[in-house]
Amino acid sequence: MSKATVKAPSNIAFIKYWGRADQRLFIPLNNSVSMTLSSCTTVTTAETIKGSSDDIQIKFYGKNYQKLKADSKKAINTFNLIQRVRKIAKSNLHVRIRSVNNFPADAGIASSASGFAALTGALLLAYGLHDKFDDKSEYSRQIRMSGSASAARSAYGGFVELLAGDNNQSSFTRQVADEHHWDLVDLIAIIDIQKKHTPSSEGHEAARSSPFLNSRIDDVKKRYPKIIKAIINRDFCSLGAEIERDSLSMHAVMLTQSPSLMYWEPGSISIMKDVIALRDKYGIQAFSTFDAGANAHVICQKKDAKKVQSHLLNNKYIKSLIYNEPTSGAHIIHEHLF
Ligand code: DP6
């Protein structure tokens, strides 16, 4: 029997992926780029077993271990992923999996990014597919096919892009710069740790119903090279403006698709305005961005993080802040969960 444990970070997209070119292979319509997050991680141990069924338990933030039941899209994706890895490995062994998440799940903090990156890695290793784990672009394809394409960006550390490509081979992630390149900070402002009302997967499927989707895709194509250049040149004013604009552009698509998706809450808007005030009134460069959830990610430079933090803590909607710096990508650890 073989056992492996992988620790993977979550990530925050600066240019977001919204809408799929291929629903079966989870190929995105546009390139995306993100920063990995030091304080939002998942650890997963997988061990092949001789039993008659898979034994999967997950420990979400603040909860006890729970058995995974096939009652959600994510659970179905997990079982499909196990089947796929088993098939590639030509194995008929079942698997025992334990997974621990250290931050609130499903609230726009990309918990599935760290979750599916760690799970895919641990499964590939437990089934002896070390070559697929060691080849990071192949590992990222395997993560994308798990159903959570944004998770593919967690294969690497630092600043990472997911190339949309136009087929399974050309849709993979690569590193733009490592975690030591730039001391940016993501302050995640938690206003609501309830589960999001519509999972991203349903949202992606309906994205084409927005009349603005194609304009967004064209716009991202034009802006994308500038954004990569801003990361490489550590040009925060240019990058920050693009981060905020891209979040608004993705939410414009979400709001105008059918059915309409409004992930923001009053607290989200309040934080957007606070961040604008930080720039306009106090000259502090900070920018907000939102995934498919109400919680804000406020991106700033490390030298300004304390000031941004104390300003945000005056916002009555914010329950807590999670401080993140860029960190390393998914990697093997030797402390197993069982
Ligand atoms: C809005 O299908 O990758 O976070 O629901 O987290 O599995 P999960 O997400 P996925 O789409 C999320 C897209 C996004 C933007 C982004 O991270 O690129």
# chains A, B, ... in the order shown; residues from 1 in each chain; ligands from 1
call {"tool": "residues_near_ligand", "arguments": {"ligand": "ligand 1", "cutoff": "6 Å", "atoms": "only C-alpha atoms and all ligand atoms", "output": "PyMOL selection string"}}
result
chain A and resi 13+16-18+32+110+112-113+148-151+199-201+291-292
call {"tool": "write_last_selection", "arguments": {"atoms": "N, CA, C and O atoms", "output": "mmCIF file, in the first residue's frame"}}
result
data_model
loop_
_atom_site.group_PDB
_atom_site.id
_atom_site.type_symbol
_atom_site.label_atom_id
_atom_site.label_comp_id
_atom_site.auth_asym_id
_atom_site.auth_seq_id
_atom_site.Cartn_x
_atom_site.Cartn_y
_atom_site.Cartn_z
ATOM 1 N N ALA A 13 -7.025 35.176 -8.018
ATOM 2 C CA ALA A 13 -6.802 35.556 -9.420
ATOM 3 C C ALA A 13 -6.780 37.070 -9.559
ATOM 4 O O ALA A 13 -7.661 37.757 -9.041
ATOM 5 N N LYS A 16 -9.258 36.994 -13.873
ATOM 6 C CA LYS A 16 -10.090 35.853 -13.491
ATOM 7 C C LYS A 16 -10.489 35.002 -14.678
ATOM 8 O O LYS A 16 -10.649 35.513 -15.791
ATOM 9 N N TYR A 17 -10.727 33.744 -14.370
ATOM 10 C CA TYR A 17 -11.280 32.817 -15.365
ATOM 11 C C TYR A 17 -12.787 32.757 -15.134
ATOM 12 O O TYR A 17 -13.242 32.474 -14.034
ATOM 13 N N TRP A 18 -13.560 33.075 -16.186
ATOM 14 C CA TRP A 18 -15.017 32.928 -16.054
ATOM 15 C C TRP A 18 -15.579 32.465 -17.399
ATOM 16 O O TRP A 18 -15.439 33.141 -18.403
ATOM 17 N N SER A 32 -5.832 33.255 -17.316
ATOM 18 C CA SER A 32 -5.984 33.897 -16.005
ATOM 19 C C SER A 32 -4.628 33.882 -15.305
ATOM 20 O O SER A 32 -3.752 33.085 -15.654
ATOM 21 N N ALA A 110 -11.693 30.583 -2.681
ATOM 22 C CA ALA A 110 -11.116 29.537 -3.520
ATOM 23 C C ALA A 110 -10.647 28.325 -2.729
ATOM 24 O O ALA A 110 -9.522 27.852 -2.891
ATOM 25 N N SER A 112 -11.686 25.440 -3.069
ATOM 26 C CA SER A 112 -11.522 24.277 -3.934
ATOM 27 C C SER A 112 -10.197 24.347 -4.669
ATOM 28 O O SER A 112 -9.715 23.327 -5.148
ATOM 29 N N ALA A 113 -9.584 25.529 -4.757
ATOM 30 C CA ALA A 113 -8.276 25.611 -5.421
ATOM 31 C C ALA A 113 -7.253 24.806 -4.635
ATOM 32 O O ALA A 113 -6.591 23.914 -5.171
ATOM 33 N N SER A 148 -12.027 21.888 -11.128
ATOM 34 C CA SER A 148 -11.772 23.195 -10.537
ATOM 35 C C SER A 148 -10.551 23.773 -11.249
ATOM 36 O O SER A 148 -9.415 23.645 -10.784
ATOM 37 N N ALA A 149 -10.809 24.422 -12.403
ATOM 38 C CA ALA A 149 -9.676 24.841 -13.235
ATOM 39 C C ALA A 149 -8.786 25.857 -12.524
ATOM 40 O O ALA A 149 -7.565 25.851 -12.701
ATOM 41 N N SER A 150 -9.395 26.716 -11.690
ATOM 42 C CA SER A 150 -8.579 27.722 -10.998
ATOM 43 C C SER A 150 -7.565 27.041 -10.061
ATOM 44 O O SER A 150 -6.516 27.601 -9.765
ATOM 45 N N ALA A 151 -7.875 25.831 -9.625
ATOM 46 C CA ALA A 151 -6.978 25.082 -8.741
ATOM 47 C C ALA A 151 -5.669 24.728 -9.443
ATOM 48 O O ALA A 151 -4.641 24.540 -8.791
ATOM 49 N N PRO A 199 -22.734 27.635 -6.911
ATOM 50 C CA PRO A 199 -21.351 27.222 -7.124
ATOM 51 C C PRO A 199 -20.813 27.762 -8.454
ATOM 52 O O PRO A 199 -21.579 27.936 -9.408
ATOM 53 N N SER A 200 -19.492 28.004 -8.504
ATOM 54 C CA SER A 200 -18.885 28.553 -9.732
ATOM 55 C C SER A 200 -19.194 27.683 -10.939
ATOM 56 O O SER A 200 -19.397 28.199 -12.038
ATOM 57 N N SER A 201 -19.204 26.347 -10.733
ATOM 58 C CA SER A 201 -19.385 25.468 -11.899
ATOM 59 C C SER A 201 -20.693 25.771 -12.627
ATOM 60 O O SER A 201 -20.724 25.841 -13.851
ATOM 61 N N ASP A 291 -13.809 37.021 -5.913
ATOM 62 C CA ASP A 291 -14.097 35.821 -6.693
ATOM 63 C C ASP A 291 -15.608 35.584 -6.659
ATOM 64 O O ASP A 291 -16.363 36.519 -6.525
ATOM 65 N N ALA A 292 -16.038 34.334 -6.737
ATOM 66 C CA ALA A 292 -17.475 34.060 -6.722
ATOM 67 C C ALA A 292 -17.955 34.012 -5.274
ATOM 68 O O ALA A 292 -18.346 32.967 -4.752
#
call {"tool": "closest_atom_pairs", "arguments": {"of": "segment 81-156 of chain A", "to": "segment 48-60 of chain A", "cutoff": "7 Å", "atoms": "only C-alpha atoms", "output": "tab-separated table"}}
result
residue	atom	partner	partner_atom	distance
A:Leu93	CA	A:Lys50	CA	5.8
A:His94	CA	A:Asp54	CA	5.2
A:Val95	CA	A:Thr48	CA	4.3
A:Arg96	CA	A:Asp55	CA	4.7
A:Ile97	CA	A:Ile56	CA	4.7
A:Arg98	CA	A:Gln57	CA	5.1
A:Ser99	CA	A:Ile58	CA	4.8
A:Val100	CA	A:Lys59	CA	4.8
A:Asn101	CA	A:Phe60	CA	5.2
A:Ala105	CA	A:Phe60	CA	6.9
A:Ala126	CA	A:Thr48	CA	6.2
A:Tyr127	CA	A:Thr48	CA	6.9
call {"tool": "closest_residue", "arguments": {"among": "A:Leu184, A:Pro9, A:Ala122, A:Leu163", "to": "Tyr224 of chain A", "atoms": "only C-alpha atoms"}}
result
A:Leu163
call {"tool": "closest_atom_pairs", "arguments": {"of": "segment 164-239 of chain A", "to": "segment 137-147 of chain A", "cutoff": "12 Å", "atoms": "only C-alpha atoms", "output": "Markdown table"}}
result
| residue | atom | partner | partner_atom | distance |
| --- | --- | --- | --- | --- |
| A:Ala164 | CA | A:Arg144 | CA | 10.7 |
| A:Gly165 | CA | A:Arg141 | CA | 11.3 |
| A:Asn167 | CA | A:Arg141 | CA | 10.6 |
| A:Asn168 | CA | A:Arg141 | CA | 7.4 |
| A:Gln169 | CA | A:Arg141 | CA | 7.7 |
| A:Ser170 | CA | A:Arg141 | CA | 9.1 |
| A:Ser171 | CA | A:Arg141 | CA | 6.9 |
| A:Phe172 | CA | A:Arg141 | CA | 5.4 |
| A:Thr173 | CA | A:Ser137 | CA | 5.9 |
| A:Arg174 | CA | A:Ser137 | CA | 6.8 |
| A:Gln175 | CA | A:Ser137 | CA | 9.8 |
| A:Pro199 | CA | A:Gly147 | CA | 11.8 |
| A:Ser200 | CA | A:Gly147 | CA | 10.3 |
| A:Ser201 | CA | A:Gly147 | CA | 8.0 |
| A:Glu202 | CA | A:Gly147 | CA | 11.5 |
| A:His204 | CA | A:Gly147 | CA | 11.1 |
call {"tool": "residues_around", "arguments": {"residues": "Val85 of chain A", "least_positions_apart": "5", "cutoff": "10 Å", "atoms": "only C-alpha atoms", "output": "ChimeraX atom specification"}}
result
/A:80,90-91,120,123-129,142
call {"tool": "select_by_dssp", "arguments": {"residues": "segment 77-193 of chain A", "states": "strand (DSSP E or B)", "output": "ChimeraX atom specification"}}
result
/A:94-101,159-162,173-177,184-190
call {"tool": "write_last_selection", "arguments": {"atoms": "C-alpha atoms", "output": "tab-separated table (two decimals), in the first residue's frame"}}
result
chain	number	residue	atom	x	y	z
A	94	HIS	CA	-9.52	1.71	-3.37
A	95	VAL	CA	-8.25	4.72	-1.46
A	96	ARG	CA	-8.43	6.26	2.01
A	97	ILE	CA	-8.34	10.05	1.99
A	98	ARG	CA	-8.22	12.61	4.80
A	99	SER	CA	-8.14	16.29	4.02
A	100	VAL	CA	-7.85	19.34	6.28
A	101	ASN	CA	-8.66	22.89	5.25
A	159	PHE	CA	2.56	34.31	-9.59
A	160	VAL	CA	1.04	31.77	-11.93
A	161	GLU	CA	-0.87	31.84	-15.19
A	162	LEU	CA	-3.39	29.33	-16.50
A	173	THR	CA	-0.33	26.47	-15.93
A	174	ARG	CA	3.12	28.01	-15.80
A	175	GLN	CA	4.93	30.24	-13.37
A	176	VAL	CA	5.28	33.93	-14.21
A	177	ALA	CA	7.52	34.65	-11.17
A	184	LEU	CA	2.55	41.79	-2.31
A	185	VAL	CA	-0.09	41.14	0.34
A	186	ASP	CA	-3.66	39.90	0.02
A	187	LEU	CA	-5.82	40.87	3.01
A	188	ILE	CA	-8.94	38.75	2.80
A	189	ALA	CA	-11.77	40.65	4.47
A	190	ILE	CA	-14.28	38.13	5.78
call {"tool": "decode", "arguments": {"residues": "segment 43-59 of chain A", "atoms": "all heavy atoms", "output": "PDB file, in the first residue's frame"}}
result
ATOM      1  N   VAL A  43      -4.229  20.373   3.400  1.00  0.00           N
ATOM      2  CA  VAL A  43      -3.316  19.223   3.476  1.00  0.00           C
ATOM      3  C   VAL A  43      -4.163  17.978   3.232  1.00  0.00           C
ATOM      4  O   VAL A  43      -5.220  17.804   3.855  1.00  0.00           O
ATOM      5  CB  VAL A  43      -2.630  19.146   4.855  1.00  0.00           C
ATOM      6  CG1 VAL A  43      -1.832  17.849   5.004  1.00  0.00           C
ATOM      7  CG2 VAL A  43      -1.722  20.356   5.069  1.00  0.00           C
ATOM      8  N   THR A  44      -3.702  17.129   2.312  1.00  0.00           N
ATOM      9  CA  THR A  44      -4.453  15.903   1.997  1.00  0.00           C
ATOM     10  C   THR A  44      -3.528  14.697   1.987  1.00  0.00           C
ATOM     11  O   THR A  44      -2.472  14.724   1.358  1.00  0.00           O
ATOM     12  CB  THR A  44      -5.148  16.041   0.618  1.00  0.00           C
ATOM     13  OG1 THR A  44      -6.038  17.141   0.687  1.00  0.00           O
ATOM     14  CG2 THR A  44      -5.928  14.789   0.246  1.00  0.00           C
ATOM     15  N   THR A  45      -3.953  13.653   2.705  1.00  0.00           N
ATOM     16  CA  THR A  45      -3.237  12.376   2.676  1.00  0.00           C
ATOM     17  C   THR A  45      -4.105  11.357   1.942  1.00  0.00           C
ATOM     18  O   THR A  45      -5.308  11.263   2.199  1.00  0.00           O
ATOM     19  CB  THR A  45      -2.974  11.859   4.114  1.00  0.00           C
ATOM     20  OG1 THR A  45      -2.177  12.809   4.816  1.00  0.00           O
ATOM     21  CG2 THR A  45      -2.245  10.512   4.113  1.00  0.00           C
ATOM     22  N   ALA A  46      -3.487  10.619   1.026  1.00  0.00           N
ATOM     23  CA  ALA A  46      -4.196   9.536   0.323  1.00  0.00           C
ATOM     24  C   ALA A  46      -3.370   8.257   0.457  1.00  0.00           C
ATOM     25  O   ALA A  46      -2.144   8.290   0.346  1.00  0.00           O
ATOM     26  CB  ALA A  46      -4.372   9.887  -1.150  1.00  0.00           C
ATOM     27  N   GLU A  47      -4.083   7.150   0.730  1.00  0.00           N
ATOM     28  CA  GLU A  47      -3.392   5.856   0.820  1.00  0.00           C
ATOM     29  C   GLU A  47      -4.228   4.808   0.092  1.00  0.00           C
ATOM     30  O   GLU A  47      -5.448   4.709   0.328  1.00  0.00           O
ATOM     31  CB  GLU A  47      -3.222   5.433   2.280  1.00  0.00           C
ATOM     32  CG  GLU A  47      -2.488   4.109   2.419  1.00  0.00           C
ATOM     33  CD  GLU A  47      -2.312   3.690   3.879  1.00  0.00           C
ATOM     34  OE1 GLU A  47      -3.227   3.980   4.701  1.00  0.00           O
ATOM     35  OE2 GLU A  47      -1.292   3.066   4.188  1.00  0.00           O
ATOM     36  N   THR A  48      -3.601   4.060  -0.786  1.00  0.00           N
ATOM     37  CA  THR A  48      -4.341   2.997  -1.470  1.00  0.00           C
ATOM     38  C   THR A  48      -4.609   1.875  -0.458  1.00  0.00           C
ATOM     39  O   THR A  48      -3.765   1.573   0.387  1.00  0.00           O
ATOM     40  CB  THR A  48      -3.536   2.453  -2.666  1.00  0.00           C
ATOM     41  OG1 THR A  48      -2.209   2.162  -2.229  1.00  0.00           O
ATOM     42  CG2 THR A  48      -3.496   3.451  -3.805  1.00  0.00           C
ATOM     43  N   ILE A  49      -5.815   1.297  -0.537  1.00  0.00           N
ATOM     44  CA  ILE A  49      -6.211   0.261   0.434  1.00  0.00           C
ATOM     45  C   ILE A  49      -6.853  -0.926  -0.284  1.00  0.00           C
ATOM     46  O   ILE A  49      -7.312  -0.789  -1.425  1.00  0.00           O
ATOM     47  CB  ILE A  49      -7.221   0.819   1.491  1.00  0.00           C
ATOM     48  CG1 ILE A  49      -8.404   1.529   0.799  1.00  0.00           C
ATOM     49  CG2 ILE A  49      -6.541   1.737   2.485  1.00  0.00           C
ATOM     50  CD1 ILE A  49      -9.535   1.925   1.717  1.00  0.00           C
ATOM     51  N   LYS A  50      -6.924  -2.045   0.437  1.00  0.00           N
ATOM     52  CA  LYS A  50      -7.498  -3.245  -0.182  1.00  0.00           C
ATOM     53  C   LYS A  50      -9.009  -3.350   0.012  1.00  0.00           C
ATOM     54  O   LYS A  50      -9.637  -4.241  -0.527  1.00  0.00           O
ATOM     55  CB  LYS A  50      -6.810  -4.489   0.391  1.00  0.00           C
ATOM     56  CG  LYS A  50      -5.448  -4.715  -0.232  1.00  0.00           C
ATOM     57  CD  LYS A  50      -5.125  -6.198  -0.352  1.00  0.00           C
ATOM     58  CE  LYS A  50      -3.867  -6.454  -1.134  1.00  0.00           C
ATOM     59  NZ  LYS A  50      -2.727  -6.805  -0.269  1.00  0.00           N
ATOM     60  N   GLY A  51      -9.619  -2.410   0.753  1.00  0.00           N
ATOM     61  CA  GLY A  51     -11.049  -2.490   1.080  1.00  0.00           C
ATOM     62  C   GLY A  51     -11.964  -2.547  -0.135  1.00  0.00           C
ATOM     63  O   GLY A  51     -11.502  -2.562  -1.283  1.00  0.00           O
ATOM     64  N   SER A  52     -13.273  -2.510   0.132  1.00  0.00           N
ATOM     65  CA  SER A  52     -14.227  -2.657  -0.961  1.00  0.00           C
ATOM     66  C   SER A  52     -14.808  -1.313  -1.415  1.00  0.00           C
ATOM     67  O   SER A  52     -15.610  -1.257  -2.335  1.00  0.00           O
ATOM     68  CB  SER A  52     -15.366  -3.582  -0.528  1.00  0.00           C
ATOM     69  OG  SER A  52     -15.923  -3.049   0.659  1.00  0.00           O
ATOM     70  N   SER A  53     -14.439  -0.232  -0.731  1.00  0.00           N
ATOM     71  CA  SER A  53     -14.910   1.088  -1.180  1.00  0.00           C
ATOM     72  C   SER A  53     -13.909   2.158  -0.752  1.00  0.00           C
ATOM     73  O   SER A  53     -13.040   1.914   0.094  1.00  0.00           O
ATOM     74  CB  SER A  53     -16.292   1.385  -0.587  1.00  0.00           C
ATOM     75  OG  SER A  53     -16.182   1.414   0.814  1.00  0.00           O
ATOM     76  N   ASP A  54     -14.074   3.346  -1.342  1.00  0.00           N
ATOM     77  CA  ASP A  54     -13.211   4.463  -0.971  1.00  0.00           C
ATOM     78  C   ASP A  54     -13.700   5.047   0.351  1.00  0.00           C
ATOM     79  O   ASP A  54     -14.895   5.020   0.641  1.00  0.00           O
ATOM     80  CB  ASP A  54     -13.246   5.539  -2.065  1.00  0.00           C
ATOM     81  CG  ASP A  54     -12.738   5.008  -3.393  1.00  0.00           C
ATOM     82  OD1 ASP A  54     -11.738   4.259  -3.374  1.00  0.00           O
ATOM     83  OD2 ASP A  54     -13.343   5.324  -4.441  1.00  0.00           O
ATOM     84  N   ASP A  55     -12.781   5.563   1.135  1.00  0.00           N
ATOM     85  CA  ASP A  55     -13.108   6.101   2.454  1.00  0.00           C
ATOM     86  C   ASP A  55     -12.556   7.529   2.508  1.00  0.00           C
ATOM     87  O   ASP A  55     -11.349   7.734   2.642  1.00  0.00           O
ATOM     88  CB  ASP A  55     -12.450   5.179   3.499  1.00  0.00           C
ATOM     89  CG  ASP A  55     -12.417   5.793   4.886  1.00  0.00           C
ATOM     90  OD1 ASP A  55     -13.154   6.760   5.144  1.00  0.00           O
ATOM     91  OD2 ASP A  55     -11.618   5.295   5.718  1.00  0.00           O
ATOM     92  N   ILE A  56     -13.471   8.487   2.330  1.00  0.00           N
ATOM     93  CA  ILE A  56     -13.028   9.885   2.195  1.00  0.00           C
ATOM     94  C   ILE A  56     -13.632  10.741   3.305  1.00  0.00           C
ATOM     95  O   ILE A  56     -14.857  10.772   3.473  1.00  0.00           O
ATOM     96  CB  ILE A  56     -13.471  10.469   0.837  1.00  0.00           C
ATOM     97  CG1 ILE A  56     -13.056   9.532  -0.293  1.00  0.00           C
ATOM     98  CG2 ILE A  56     -12.904  11.865   0.622  1.00  0.00           C
ATOM     99  CD1 ILE A  56     -13.706   9.861  -1.614  1.00  0.00           C
ATOM    100  N   GLN A  57     -12.766  11.414   4.044  1.00  0.00           N
ATOM    101  CA  GLN A  57     -13.273  12.321   5.088  1.00  0.00           C
ATOM    102  C   GLN A  57     -12.542  13.649   5.005  1.00  0.00           C
ATOM    103  O   GLN A  57     -11.325  13.687   4.805  1.00  0.00           O
ATOM    104  CB  GLN A  57     -13.078  11.706   6.469  1.00  0.00           C
ATOM    105  CG  GLN A  57     -13.989  10.497   6.691  1.00  0.00           C
ATOM    106  CD  GLN A  57     -13.956  10.011   8.132  1.00  0.00           C
ATOM    107  OE1 GLN A  57     -13.806  10.796   9.061  1.00  0.00           O
ATOM    108  NE2 GLN A  57     -14.113   8.720   8.311  1.00  0.00           N
ATOM    109  N   ILE A  58     -13.331  14.704   5.167  1.00  0.00           N
ATOM    110  CA  ILE A  58     -12.778  16.059   5.035  1.00  0.00           C
ATOM    111  C   ILE A  58     -13.064  16.843   6.305  1.00  0.00           C
ATOM    112  O   ILE A  58     -14.149  16.742   6.878  1.00  0.00           O
ATOM    113  CB  ILE A  58     -13.423  16.774   3.836  1.00  0.00           C
ATOM    114  CG1 ILE A  58     -13.167  15.962   2.564  1.00  0.00           C
ATOM    115  CG2 ILE A  58     -12.879  18.193   3.673  1.00  0.00           C
ATOM    116  CD1 ILE A  58     -13.840  16.497   1.344  1.00  0.00           C
ATOM    117  N   LYS A  59     -12.056  17.612   6.725  1.00  0.00           N
ATOM    118  CA  LYS A  59     -12.230  18.434   7.926  1.00  0.00           C
ATOM    119  C   LYS A  59     -12.198  19.890   7.475  1.00  0.00           C
ATOM    120  O   LYS A  59     -11.145  20.425   7.112  1.00  0.00           O
ATOM    121  CB  LYS A  59     -11.069  18.149   8.886  1.00  0.00           C
ATOM    122  CG  LYS A  59     -11.238  18.651  10.284  1.00  0.00           C
ATOM    123  CD  LYS A  59     -10.087  18.057  11.112  1.00  0.00           C
ATOM    124  CE  LYS A  59     -10.100  18.440  12.551  1.00  0.00           C
ATOM    125  NZ  LYS A  59     -10.154  19.824  12.862  1.00  0.00           N
TER     126      LYS A  59
END
